[in-house]
>>> print(open('input11.cif').read())   # mmCIF, C-alpha atoms
data_structure
loop_
_atom_site.group_PDB
_atom_site.id
_atom_site.type_symbol
_atom_site.label_atom_id
_atom_site.label_comp_id
_atom_site.auth_asym_id
_atom_site.auth_seq_id
_atom_site.Cartn_x
_atom_site.Cartn_y
_atom_site.Cartn_z
ATOM 1 C CA MET A 1 -13.284 -45.105 42.522
ATOM 2 C CA THR A 2 -16.857 -44.310 43.503
ATOM 3 C CA ALA A 3 -17.722 -44.117 47.199
ATOM 4 C CA PRO A 4 -20.759 -45.895 48.655
ATOM 5 C CA ALA A 5 -23.951 -43.863 48.777
ATOM 6 C CA ARG A 6 -24.245 -41.730 51.897
ATOM 7 C CA GLN A 7 -27.381 -40.672 53.656
ATOM 8 C CA LEU A 8 -27.842 -36.915 53.777
ATOM 9 C CA THR A 9 -28.920 -36.605 57.391
ATOM 10 C CA ALA A 10 -26.613 -33.943 58.851
ATOM 11 C CA PRO A 11 -26.146 -31.176 59.633
ATOM 12 C CA VAL A 12 -29.865 -30.458 59.961
ATOM 13 C CA ARG A 13 -31.898 -29.048 62.802
ATOM 14 C CA PRO A 14 -35.584 -29.905 63.068
ATOM 15 C CA GLY A 15 -37.993 -27.061 63.520
ATOM 16 C CA SER A 16 -41.402 -27.088 65.174
ATOM 17 C CA GLY A 17 -42.581 -30.050 63.110
ATOM 18 C CA ARG A 18 -43.660 -27.849 60.216
ATOM 19 C CA ALA A 19 -40.347 -26.134 59.567
ATOM 20 C CA GLY A 20 -36.757 -27.256 59.230
ATOM 21 C CA VAL A 21 -33.383 -25.554 59.036
ATOM 22 C CA GLY A 22 -30.324 -26.681 57.110
ATOM 23 C CA THR A 23 -26.842 -25.221 56.753
ATOM 24 C CA ALA A 24 -23.917 -25.760 54.387
ATOM 25 C CA ASN A 25 -20.431 -24.273 54.198
ATOM 26 C CA GLY A 26 -18.740 -22.706 51.210
ATOM 27 C CA THR A 27 -15.302 -23.492 49.819
ATOM 28 C CA PHE A 28 -12.428 -21.242 48.827
ATOM 29 C CA GLY A 29 -12.230 -22.303 45.235
ATOM 30 C CA GLU A 30 -10.410 -25.572 44.797
ATOM 31 C CA LEU A 31 -7.102 -27.035 45.887
ATOM 32 C CA LEU A 32 -7.061 -28.808 42.530
ATOM 33 C CA GLN A 33 -9.338 -28.830 39.500
ATOM 34 C CA GLY A 34 -8.932 -30.697 36.236
ATOM 35 C CA ALA A 35 -9.896 -33.966 34.563
ATOM 36 C CA LEU A 36 -8.951 -37.623 34.996
ATOM 37 C CA PRO A 37 -8.313 -40.428 32.518
ATOM 38 C CA GLY A 38 -10.989 -43.087 32.280
ATOM 39 C CA PRO A 39 -14.466 -43.830 30.927
ATOM 40 C CA GLY A 40 -15.479 -40.165 30.753
ATOM 41 C CA GLU A 41 -12.478 -39.180 28.653
ATOM 42 C CA THR A 42 -14.062 -39.787 25.256
ATOM 43 C CA ASP A 43 -17.170 -37.690 25.989
ATOM 44 C CA GLY A 44 -15.217 -34.801 27.501
ATOM 45 C CA GLU A 45 -16.135 -35.631 31.077
ATOM 46 C CA GLY A 46 -14.135 -37.096 33.944
ATOM 47 C CA ARG A 47 -13.746 -33.585 35.348
ATOM 48 C CA PHE A 48 -13.204 -33.132 39.060
ATOM 49 C CA LEU A 49 -12.368 -30.643 41.772
ATOM 50 C CA VAL A 50 -10.956 -30.891 45.282
ATOM 51 C CA THR A 51 -12.754 -28.818 47.886
ATOM 52 C CA LEU A 52 -11.245 -26.476 50.479
ATOM 53 C CA PRO A 53 -14.055 -25.870 53.003
ATOM 54 C CA VAL A 54 -14.190 -22.412 54.604
ATOM 55 C CA ALA A 55 -16.078 -20.917 57.527
ATOM 56 C CA ARG A 56 -18.679 -19.129 55.435
ATOM 57 C CA TRP A 57 -22.216 -20.448 55.461
ATOM 58 C CA SER A 58 -25.573 -20.605 53.780
ATOM 59 C CA THR A 59 -28.645 -21.239 55.933
ATOM 60 C CA ALA A 60 -32.044 -22.309 54.634
ATOM 61 C CA ARG A 61 -35.353 -22.476 56.476
ATOM 62 C CA PHE A 62 -38.180 -24.421 54.875
ATOM 63 C CA GLU A 63 -41.699 -24.255 56.263
ATOM 64 C CA LEU A 64 -44.527 -26.444 54.995
ATOM 65 C CA SER A 65 -47.618 -24.617 53.757
ATOM 66 C CA PRO A 66 -51.225 -25.720 53.259
ATOM 67 C CA PRO A 67 -51.904 -27.775 50.100
ATOM 68 C CA GLY A 68 -52.304 -25.667 46.977
ATOM 69 C CA SER A 69 -50.454 -22.637 48.324
ATOM 70 C CA GLY A 70 -47.395 -23.219 46.096
ATOM 71 C CA LEU A 71 -43.712 -22.631 46.725
ATOM 72 C CA ARG A 72 -42.426 -19.213 47.785
ATOM 73 C CA VAL A 73 -38.696 -18.403 47.820
ATOM 74 C CA SER A 74 -36.963 -15.489 49.527
ATOM 75 C CA PRO A 75 -34.891 -13.714 48.370
ATOM 76 C CA ALA A 76 -36.658 -13.985 45.029
ATOM 77 C CA GLY A 77 -33.346 -14.265 43.183
ATOM 78 C CA LYS A 78 -32.592 -17.646 44.781
ATOM 79 C CA SER A 79 -34.340 -19.444 41.937
ATOM 80 C CA LYS A 80 -31.878 -22.359 41.842
ATOM 81 C CA ALA A 81 -32.644 -23.198 45.468
ATOM 82 C CA GLY A 82 -36.345 -23.049 44.604
ATOM 83 C CA GLN A 83 -35.780 -25.487 41.735
ATOM 84 C CA LEU A 84 -33.986 -27.879 44.058
ATOM 85 C CA ALA A 85 -36.720 -27.682 46.718
ATOM 86 C CA ALA A 86 -39.373 -28.444 44.102
ATOM 87 C CA ALA A 87 -37.371 -31.340 42.642
ATOM 88 C CA LEU A 88 -36.682 -32.819 46.068
ATOM 89 C CA LEU A 89 -40.319 -32.567 47.172
ATOM 90 C CA ALA A 90 -41.345 -34.316 43.952
ATOM 91 C CA GLU A 91 -38.697 -36.978 44.602
ATOM 92 C CA LEU A 92 -40.225 -37.578 48.033
ATOM 93 C CA GLY A 93 -43.775 -37.656 46.665
ATOM 94 C CA ARG A 94 -44.708 -34.498 48.546
ATOM 95 C CA PRO A 95 -46.776 -31.553 47.308
ATOM 96 C CA CYS A 96 -44.747 -28.519 46.286
ATOM 97 C CA ASP A 97 -46.135 -26.231 48.982
ATOM 98 C CA GLY A 98 -43.938 -24.267 51.328
ATOM 99 C CA GLU A 99 -41.858 -21.206 52.054
ATOM 100 C CA LEU A 100 -38.084 -21.275 51.590
ATOM 101 C CA VAL A 101 -35.980 -18.496 53.119
ATOM 102 C CA LEU A 102 -32.201 -18.336 52.622
ATOM 103 C CA HIS A 103 -29.467 -16.162 54.054
ATOM 104 C CA GLY A 104 -25.738 -16.488 54.365
ATOM 105 C CA SER A 105 -22.254 -15.013 54.336
ATOM 106 C CA ILE A 106 -20.854 -16.390 51.060
ATOM 107 C CA PRO A 107 -20.271 -13.811 48.298
ATOM 108 C CA GLU A 108 -21.918 -14.760 45.011
ATOM 109 C CA GLY A 109 -20.223 -15.170 41.650
ATOM 110 C CA LYS A 110 -16.721 -15.348 43.142
ATOM 111 C CA GLY A 111 -16.032 -19.089 43.024
ATOM 112 C CA LEU A 112 -16.780 -19.752 46.701
ATOM 113 C CA ALA A 113 -19.557 -22.328 46.142
ATOM 114 C CA SER A 114 -22.354 -19.947 47.122
ATOM 115 C CA SER A 115 -24.912 -21.663 44.872
ATOM 116 C CA SER A 116 -23.855 -25.150 45.960
ATOM 117 C CA ALA A 117 -24.125 -24.144 49.617
ATOM 118 C CA ASP A 118 -27.599 -22.686 49.006
ATOM 119 C CA LEU A 119 -28.720 -25.900 47.332
ATOM 120 C CA VAL A 120 -27.317 -28.239 49.970
ATOM 121 C CA ALA A 121 -28.696 -26.103 52.804
ATOM 122 C CA THR A 122 -32.077 -26.167 51.057
ATOM 123 C CA ALA A 123 -32.001 -29.955 50.739
ATOM 124 C CA ARG A 124 -31.128 -30.314 54.404
ATOM 125 C CA ALA A 125 -33.955 -27.991 55.426
ATOM 126 C CA VAL A 126 -36.513 -29.889 53.331
ATOM 127 C CA LEU A 127 -35.316 -33.233 54.685
ATOM 128 C CA ALA A 128 -35.360 -31.890 58.238
ATOM 129 C CA VAL A 129 -39.024 -30.966 58.066
ATOM 130 C CA THR A 130 -40.133 -34.062 56.152
ATOM 131 C CA GLY A 131 -38.066 -36.523 58.155
ATOM 132 C CA GLU A 132 -36.962 -38.201 54.916
ATOM 133 C CA GLN A 133 -33.517 -39.277 53.716
ATOM 134 C CA VAL A 134 -31.802 -39.072 50.336
ATOM 135 C CA SER A 135 -28.471 -40.649 49.461
ATOM 136 C CA GLY A 136 -25.527 -38.389 48.722
ATOM 137 C CA ARG A 137 -25.345 -39.867 45.223
ATOM 138 C CA ARG A 138 -28.978 -39.050 44.458
ATOM 139 C CA LEU A 139 -28.626 -35.560 45.864
ATOM 140 C CA GLY A 140 -25.630 -35.025 43.594
ATOM 141 C CA GLU A 141 -27.761 -36.013 40.608
ATOM 142 C CA LEU A 142 -30.504 -33.580 41.618
ATOM 143 C CA LEU A 143 -27.991 -30.763 42.095
ATOM 144 C CA THR A 144 -26.200 -31.255 38.784
ATOM 145 C CA ALA A 145 -29.522 -31.312 36.966
ATOM 146 C CA ILE A 146 -29.625 -27.618 37.932
ATOM 147 C CA GLU A 147 -25.928 -26.673 37.567
ATOM 148 C CA PRO A 148 -22.427 -28.068 38.147
ATOM 149 C CA THR A 149 -21.882 -28.296 41.878
ATOM 150 C CA ASP A 150 -19.142 -28.373 44.488
ATOM 151 C CA GLY A 151 -18.939 -31.264 46.933
ATOM 152 C CA VAL A 152 -20.033 -29.290 49.992
ATOM 153 C CA MET A 153 -22.493 -31.994 51.063
ATOM 154 C CA HIS A 154 -19.480 -34.115 52.043
ATOM 155 C CA PRO A 155 -17.336 -33.263 55.097
ATOM 156 C CA GLY A 156 -13.629 -32.605 54.856
ATOM 157 C CA VAL A 157 -11.479 -32.292 51.752
ATOM 158 C CA VAL A 158 -12.978 -34.368 48.951
ATOM 159 C CA ALA A 159 -12.458 -35.005 45.248
ATOM 160 C CA PHE A 160 -15.792 -34.512 43.511
ATOM 161 C CA ASP A 161 -17.085 -34.828 39.946
ATOM 162 C CA HIS A 162 -18.850 -31.465 39.755
ATOM 163 C CA ARG A 163 -20.623 -32.180 36.466
ATOM 164 C CA ARG A 164 -22.087 -35.547 37.450
ATOM 165 C CA GLY A 165 -22.479 -34.912 41.165
ATOM 166 C CA ARG A 166 -20.364 -37.902 42.200
ATOM 167 C CA HIS A 167 -18.115 -38.250 45.226
ATOM 168 C CA LEU A 168 -14.798 -39.654 44.020
ATOM 169 C CA ARG A 169 -12.504 -39.676 47.016
ATOM 170 C CA THR A 170 -12.235 -38.364 50.573
ATOM 171 C CA LEU A 171 -8.746 -37.002 51.116
ATOM 172 C CA GLY A 172 -9.183 -36.217 54.816
ATOM 173 C CA GLU A 173 -8.906 -33.126 56.997
ATOM 174 C CA LEU A 174 -6.526 -30.189 57.037
ATOM 175 C CA PRO A 175 -5.786 -27.958 60.026
ATOM 176 C CA GLY A 176 -7.482 -24.578 60.021
ATOM 177 C CA LEU A 177 -5.591 -22.347 57.583
ATOM 178 C CA GLN A 178 -5.687 -18.613 56.945
ATOM 179 C CA ILE A 179 -6.235 -17.406 53.381
ATOM 180 C CA VAL A 180 -5.246 -13.903 52.324
ATOM 181 C CA ALA A 181 -7.284 -13.440 49.165
ATOM 182 C CA VAL A 182 -7.523 -10.821 46.453
ATOM 183 C CA ASP A 183 -10.727 -10.479 44.442
ATOM 184 C CA GLN A 184 -9.947 -9.041 41.016
ATOM 185 C CA GLY A 185 -13.585 -7.956 40.657
ATOM 186 C CA GLY A 186 -16.550 -8.929 38.548
ATOM 187 C CA ALA A 187 -18.499 -12.168 38.756
ATOM 188 C CA VAL A 188 -18.511 -15.532 36.985
ATOM 189 C CA ASP A 189 -21.664 -17.352 35.870
ATOM 190 C CA THR A 190 -21.106 -21.031 36.674
ATOM 191 C CA LEU A 191 -23.413 -22.331 33.963
ATOM 192 C CA ALA A 192 -21.912 -20.136 31.244
ATOM 193 C CA PHE A 193 -18.352 -20.953 32.318
ATOM 194 C CA ASN A 194 -18.916 -24.708 32.225
ATOM 195 C CA ARG A 195 -20.654 -24.558 28.853
ATOM 196 C CA ALA A 196 -17.643 -22.787 27.351
ATOM 197 C CA ALA A 197 -14.864 -24.557 29.278
ATOM 198 C CA PRO A 198 -12.331 -26.229 26.954
ATOM 199 C CA GLY A 199 -11.640 -29.942 27.163
ATOM 200 C CA TYR A 200 -8.574 -31.772 28.463
ATOM 201 C CA GLY A 201 -6.198 -33.885 26.396
ATOM 202 C CA PRO A 202 -4.898 -37.336 27.442
ATOM 203 C CA GLY A 203 -1.566 -35.922 28.627
ATOM 204 C CA GLU A 204 -3.265 -33.278 30.744
ATOM 205 C CA ARG A 205 -5.522 -35.899 32.292
ATOM 206 C CA ARG A 206 -2.575 -38.084 33.258
ATOM 207 C CA HIS A 207 -0.872 -35.056 34.798
ATOM 208 C CA TYR A 208 -3.959 -34.162 36.852
ATOM 209 C CA ALA A 209 -4.259 -37.786 38.015
ATOM 210 C CA GLY A 210 -0.696 -37.561 39.324
ATOM 211 C CA LEU A 211 -1.457 -34.269 41.060
ATOM 212 C CA LEU A 212 -4.543 -35.784 42.714
ATOM 213 C CA ASP A 213 -2.504 -38.740 43.987
ATOM 214 C CA GLU A 214 0.154 -36.377 45.371
ATOM 215 C CA LEU A 215 -2.466 -34.155 47.002
ATOM 216 C CA SER A 216 -4.192 -37.180 48.541
ATOM 217 C CA ARG A 217 -0.887 -38.328 50.038
ATOM 218 C CA ALA A 218 -0.034 -34.838 51.303
ATOM 219 C CA VAL A 219 -3.402 -34.320 53.005
ATOM 220 C CA ALA A 220 -3.282 -37.798 54.570
ATOM 221 C CA VAL A 221 0.089 -37.172 56.241
ATOM 222 C CA GLY A 222 -0.477 -33.457 56.933
ATOM 223 C CA GLU A 223 2.364 -32.289 54.681
ATOM 224 C CA LEU A 224 1.147 -28.734 54.165
ATOM 225 C CA ALA A 225 4.049 -27.633 51.971
ATOM 226 C CA ALA A 226 3.181 -30.383 49.493
ATOM 227 C CA VAL A 227 -0.510 -29.428 49.646
ATOM 228 C CA GLY A 228 0.486 -25.868 48.810
ATOM 229 C CA ALA A 229 2.734 -26.985 45.961
ATOM 230 C CA VAL A 230 -0.052 -28.946 44.260
ATOM 231 C CA SER A 231 -2.556 -26.143 44.803
ATOM 232 C CA THR A 232 -0.150 -23.580 43.369
ATOM 233 C CA GLU A 233 0.449 -25.720 40.287
ATOM 234 C CA SER A 234 -3.289 -26.113 39.756
ATOM 235 C CA ALA A 235 -3.694 -22.332 39.981
ATOM 236 C CA ALA A 236 -0.885 -21.887 37.440
ATOM 237 C CA LEU A 237 -2.409 -24.414 35.034
ATOM 238 C CA ASN A 238 -5.754 -22.628 35.336
ATOM 239 C CA GLN A 239 -4.253 -19.396 34.009
ATOM 240 C CA SER A 240 -4.749 -20.720 30.463
ATOM 241 C CA ARG A 241 -8.456 -21.301 31.179
ATOM 242 C CA MET A 242 -9.517 -18.536 33.540
ATOM 243 C CA PRO A 243 -6.716 -15.947 33.758
ATOM 244 C CA ASN A 244 -6.416 -13.906 36.935
ATOM 245 C CA ARG A 245 -4.404 -10.692 36.628
ATOM 246 C CA ASN A 246 -3.056 -11.019 40.165
ATOM 247 C CA PHE A 247 -1.671 -14.553 39.855
ATOM 248 C CA ALA A 248 1.989 -13.711 39.224
ATOM 249 C CA ALA A 249 2.099 -10.972 41.869
ATOM 250 C CA LEU A 250 0.425 -13.164 44.494
ATOM 251 C CA ARG A 251 2.815 -16.016 43.768
ATOM 252 C CA GLU A 252 5.713 -13.629 44.393
ATOM 253 C CA ILE A 253 4.102 -12.350 47.612
ATOM 254 C CA CYS A 254 3.627 -15.948 48.731
ATOM 255 C CA ARG A 255 7.331 -16.587 48.203
ATOM 256 C CA THR A 256 8.245 -13.369 49.998
ATOM 257 C CA VAL A 257 6.256 -14.216 53.136
ATOM 258 C CA SER A 258 7.031 -17.980 52.968
ATOM 259 C CA GLY A 259 3.374 -18.944 52.564
ATOM 260 C CA LEU A 260 2.253 -22.502 51.965
ATOM 261 C CA GLY A 261 1.107 -21.786 48.425
ATOM 262 C CA LEU A 262 -1.691 -20.309 46.365
ATOM 263 C CA VAL A 263 -5.267 -21.507 46.078
ATOM 264 C CA ALA A 264 -7.448 -20.425 43.159
ATOM 265 C CA CYS A 265 -11.138 -20.064 42.574
ATOM 266 C CA HIS A 266 -10.795 -21.861 39.237
ATOM 267 C CA SER A 267 -14.147 -20.614 37.947
ATOM 268 C CA GLY A 268 -14.191 -17.421 39.982
ATOM 269 C CA THR A 269 -12.498 -14.109 40.629
ATOM 270 C CA MET A 270 -10.242 -14.794 43.618
ATOM 271 C CA ILE A 271 -6.811 -16.195 44.335
ATOM 272 C CA GLY A 272 -5.458 -16.503 47.862
ATOM 273 C CA ILE A 273 -2.274 -17.202 49.785
ATOM 274 C CA MET A 274 -2.510 -20.036 52.327
ATOM 275 C CA LEU A 275 -0.843 -19.508 55.708
ATOM 276 C CA ASP A 276 -0.496 -21.831 58.698
ATOM 277 C CA PRO A 277 -1.526 -20.007 61.909
ATOM 278 C CA ARG A 278 0.425 -22.542 63.991
ATOM 279 C CA ARG A 279 3.847 -21.560 62.681
ATOM 280 C CA ASP A 280 6.236 -19.294 64.566
ATOM 281 C CA GLY A 281 6.042 -15.704 63.410
ATOM 282 C CA TYR A 282 2.565 -16.154 61.948
ATOM 283 C CA ARG A 283 1.313 -12.718 63.019
ATOM 284 C CA ALA A 284 4.141 -10.928 61.243
ATOM 285 C CA GLN A 285 3.703 -13.201 58.213
ATOM 286 C CA LEU A 286 -0.021 -12.422 58.038
ATOM 287 C CA SER A 287 0.560 -8.683 58.434
ATOM 288 C CA ALA A 288 3.121 -8.676 55.604
ATOM 289 C CA ALA A 289 0.893 -10.738 53.309
ATOM 290 C CA VAL A 290 -2.091 -8.421 53.852
ATOM 291 C CA ARG A 291 0.004 -5.284 53.364
ATOM 292 C CA LEU A 292 1.467 -6.520 50.082
ATOM 293 C CA ALA A 293 -1.848 -7.902 48.830
ATOM 294 C CA GLN A 294 -3.545 -4.563 49.407
ATOM 295 C CA GLU A 295 -1.194 -3.010 46.848
ATOM 296 C CA LEU A 296 -2.706 -5.166 44.077
ATOM 297 C CA PRO A 297 -5.768 -4.233 41.981
ATOM 298 C CA GLY A 298 -8.938 -5.527 43.610
ATOM 299 C CA GLN A 299 -10.132 -6.057 47.161
ATOM 300 C CA THR A 300 -8.310 -8.019 49.845
ATOM 301 C CA HIS A 301 -10.263 -10.448 52.043
ATOM 302 C CA LEU A 302 -9.468 -12.920 54.802
ATOM 303 C CA TYR A 303 -10.945 -16.418 54.929
ATOM 304 C CA ARG A 304 -10.462 -19.222 57.444
ATOM 305 C CA THR A 305 -10.677 -22.843 56.396
ATOM 306 C CA LEU A 306 -12.572 -25.497 58.330
ATOM 307 C CA GLY A 307 -10.182 -28.027 59.770
ATOM 308 C CA ASP A 308 -9.343 -30.388 62.568
#
>>> encode(input="input11.cif", output="structure tokens")
Amino acid sequence: MTAPARQLTAPVRPGSGRAGVGTANGTFGELLQGALPGPGETDGEGRFLVTLPVARWSTARFELSPPGSGLRVSPAGKSKAGQLAAALLAELGRPCDGELVLHGSIPEGKGLASSSADLVATARAVLAVTGEQVSGRRLGELLTAIEPTDGVMHPGVVAFDHRRGRHLRTLGELPGLQIVAVDQGGAVDTLAFNRAAPGYGPGERRHYAGLLDELSRAVAVGELAAVGAVSTESAALNQSRMPNRNFAALREICRTVSGLGLVACHSGTMIGIMLDPRRDGYRAQLSAAVRLAQELPGQTHLYRTLGD
């Protein structure tokens, strides 16, 4: 099911009239990632992911420049954001003149949607200064012309076709959760990973469709144990595609501390344990999870999800 086109109008903050600022959050990997049966099955598409928004951000500031001055991007390595700014200005019939400056708190190459957040923040900054609007569907097309993208332009937990830039389903909101994550190290190139990613057979696609239905139900009714069960299964299935050396140990730690489940950066370097800060004994649970996670190879990090 494809959702109606949405207007990308928020969150943006107008600047002085010649500059605009846009922000976008990252995600901690994906609650679920796979492929669905349907029209895209024969051409190897139909792939999707389900976002888990976290309180890490990318911020972009775009300032218009005099005609003929060109487009300047800082830091210089943010070339994908520069490509998106140029494509969006062309889409709006505007000259490609301006200065784009990005900064944020999302680690790169880890599977936390750093590139997607940069691109969406850039789009919001450009639209803020121009006063224009672009539908969510069209923005998705512009983003995926550059690279596969997470659905961070949509609020809440959503199912998103990351190769075609299409919103598939809004699952709803989750309460704010704590993630105790271990980064096994290194970095993953999104473009290279997606070029080499193996396909999905008909049986796998039917299984992922069932998991998506179960996850949708669990999010809708706030059944966090069921959310964790689906997310853990997705992480386990991903071990045949992007193995993480800490998966088995983290699953055992999750059982030991009675966590909700695991969540994986399916095309990244991290796996985390989800905890509910509202439960009795949470502080002791968190302390135990961190202590045990720190014994594993890699670096331990804490992330907080965005929620109601």
>>> axis_aligned_box(input="input11.cif", around="segment 84-101 of chain A", padding_each_side="3 Å", output="JSON")
{"center_x": -40.4, "center_y": -28.1, "center_z": 47.9, "size_x": 18.8, "size_y": 25.2, "size_z": 16.5}
>>> residues_around(input="input11.cif", residues="segment 33-37 of chain A", least_positions_apart="6", cutoff="12 Å", atoms="only C-alpha atoms", output="count of residues only")
53
>>> residues_around(input="input11.cif", residues="segment 179-194 of chain A", least_positions_apart="3", cutoff="7 Å", atoms="only C-alpha atoms", output="list of chain:residue names")
A:Gly109, A:Lys110, A:Glu147, A:Ala197, A:Ser267, A:Gly268, A:Thr269, A:Met270, A:Ile271, A:Gly272, A:Ile273, A:Met274, A:Leu275, A:Ala289, A:Val290, A:Ala293, A:Pro297, A:Gly298, A:Gln299, A:Thr300, A:His301, A:Leu302, A:Tyr303, A:Arg304
>>> resolve_selection(input="input11.cif", expression="the PyMOL selection byres ((chain A and resi 67-83) around 6)", output="count of residues only")
11
>>> atom_distance(input="input11.cif", atom1="atom CA of Pro277 of chain A", atom2="atom CA of Pro243 of chain A")
28.9 Å
>>> atom_distance(input="input11.cif", atom1="atom CA of Gly172 of chain A", atom2="atom CA of Pro53 of chain A")
11.6 Å
>>> residues_around(input="input11.cif", residues="Ala60 of chain A", least_positions_apart="2", cutoff="12 Å", atoms="all atoms listed in the file", output="ChimeraX atom specification")
/A:11-15,19-25,57-58,62-63,73-75,78,81-82,85,99-104,117-129
>>> write_last_selection(input="input11.cif", atoms="C-alpha atoms", output="mmCIF file, in the coordinates of the input")
data_model
loop_
_atom_site.group_PDB
_atom_site.id
_atom_site.type_symbol
_atom_site.label_atom_id
_atom_site.label_comp_id
_atom_site.auth_asym_id
_atom_site.auth_seq_id
_atom_site.Cartn_x
_atom_site.Cartn_y
_atom_site.Cartn_z
ATOM 1 C CA PRO A 11 -26.146 -31.176 59.633
ATOM 2 C CA VAL A 12 -29.865 -30.458 59.961
ATOM 3 C CA ARG A 13 -31.898 -29.048 62.802
ATOM 4 C CA PRO A 14 -35.584 -29.905 63.068
ATOM 5 C CA GLY A 15 -37.993 -27.061 63.520
ATOM 6 C CA ALA A 19 -40.347 -26.134 59.567
ATOM 7 C CA GLY A 20 -36.757 -27.256 59.230
ATOM 8 C CA VAL A 21 -33.383 -25.554 59.036
ATOM 9 C CA GLY A 22 -30.324 -26.681 57.110
ATOM 10 C CA THR A 23 -26.842 -25.221 56.753
ATOM 11 C CA ALA A 24 -23.917 -25.760 54.387
ATOM 12 C CA ASN A 25 -20.431 -24.273 54.198
ATOM 13 C CA TRP A 57 -22.216 -20.448 55.461
ATOM 14 C CA SER A 58 -25.573 -20.605 53.780
ATOM 15 C CA PHE A 62 -38.180 -24.421 54.875
ATOM 16 C CA GLU A 63 -41.699 -24.255 56.263
ATOM 17 C CA VAL A 73 -38.696 -18.403 47.820
ATOM 18 C CA SER A 74 -36.963 -15.489 49.527
ATOM 19 C CA PRO A 75 -34.891 -13.714 48.370
ATOM 20 C CA LYS A 78 -32.592 -17.646 44.781
ATOM 21 C CA ALA A 81 -32.644 -23.198 45.468
ATOM 22 C CA GLY A 82 -36.345 -23.049 44.604
ATOM 23 C CA ALA A 85 -36.720 -27.682 46.718
ATOM 24 C CA GLU A 99 -41.858 -21.206 52.054
ATOM 25 C CA LEU A 100 -38.084 -21.275 51.590
ATOM 26 C CA VAL A 101 -35.980 -18.496 53.119
ATOM 27 C CA LEU A 102 -32.201 -18.336 52.622
ATOM 28 C CA HIS A 103 -29.467 -16.162 54.054
ATOM 29 C CA GLY A 104 -25.738 -16.488 54.365
ATOM 30 C CA ALA A 117 -24.125 -24.144 49.617
ATOM 31 C CA ASP A 118 -27.599 -22.686 49.006
ATOM 32 C CA LEU A 119 -28.720 -25.900 47.332
ATOM 33 C CA VAL A 120 -27.317 -28.239 49.970
ATOM 34 C CA ALA A 121 -28.696 -26.103 52.804
ATOM 35 C CA THR A 122 -32.077 -26.167 51.057
ATOM 36 C CA ALA A 123 -32.001 -29.955 50.739
ATOM 37 C CA ARG A 124 -31.128 -30.314 54.404
ATOM 38 C CA ALA A 125 -33.955 -27.991 55.426
ATOM 39 C CA VAL A 126 -36.513 -29.889 53.331
ATOM 40 C CA LEU A 127 -35.316 -33.233 54.685
ATOM 41 C CA ALA A 128 -35.360 -31.890 58.238
ATOM 42 C CA VAL A 129 -39.024 -30.966 58.066
#
>>> resolve_selection(input="input11.cif", expression="the PyMOL selection byres ((chain A and resi 140) around 8)", output="MDAnalysis selection string")
chainID A and resid 136:139 141:144 149 164:166
>>> closest_residue(input="input11.cif", among="A:Leu296, A:Gly29, A:Ser135, A:Arg278", to="Gln178 of chain A", atoms="only C-alpha atoms")
A:Arg278
>>> atom_distance(input="input11.cif", atom1="atom CA of His154 of chain A", atom2="atom CA of Gln239 of chain A")
27.8 Å
>>> closest_residue(input="input11.cif", among="A:Ile253, A:Pro155, A:Leu32, A:Arg279", to="Ala229 of chain A", atoms="all atoms listed in the file")
A:Leu32
>>> closest_residue(input="input11.cif", among="A:Thr305, A:Leu88, A:Asp276, A:Thr170", to="Gly261 of chain A", atoms="only C-alpha atoms")
A:Asp276
>>> residues_around(input="input11.cif", residues="Gln285 of chain A", least_positions_apart="4", cutoff="8 Å", atoms="all atoms listed in the file", output="PyMOL selection string")
chain A and resi 257-258+281+289
>>> write_last_selection(input="input11.cif", atoms="C-alpha atoms", output="PDB file, keeping the file's coordinate frame")
ATOM      1  CA  VAL A 257       6.256 -14.216  53.136  1.00  0.00           C
ATOM      2  CA  SER A 258       7.031 -17.980  52.968  1.00  0.00           C
ATOM      3  CA  GLY A 281       6.042 -15.704  63.410  1.00  0.00           C
ATOM      4  CA  ALA A 289       0.893 -10.738  53.309  1.00  0.00           C
TER       5      ALA A 289
END
>>> residues_around(input="input11.cif", residues="Leu171 of chain A", least_positions_apart="2", cutoff="8 Å", atoms="only C-alpha atoms", output="list in words")
Gly156, Val157, Val158, Ala159, Arg169, Glu173, Ser216, Val219 and Ala220 of chain A
>>> closest_residue(input="input11.cif", among="A:His167, A:Arg251, A:Arg291, A:Arg56", to="Phe28 of chain A", atoms="only C-alpha atoms")
A:Arg56
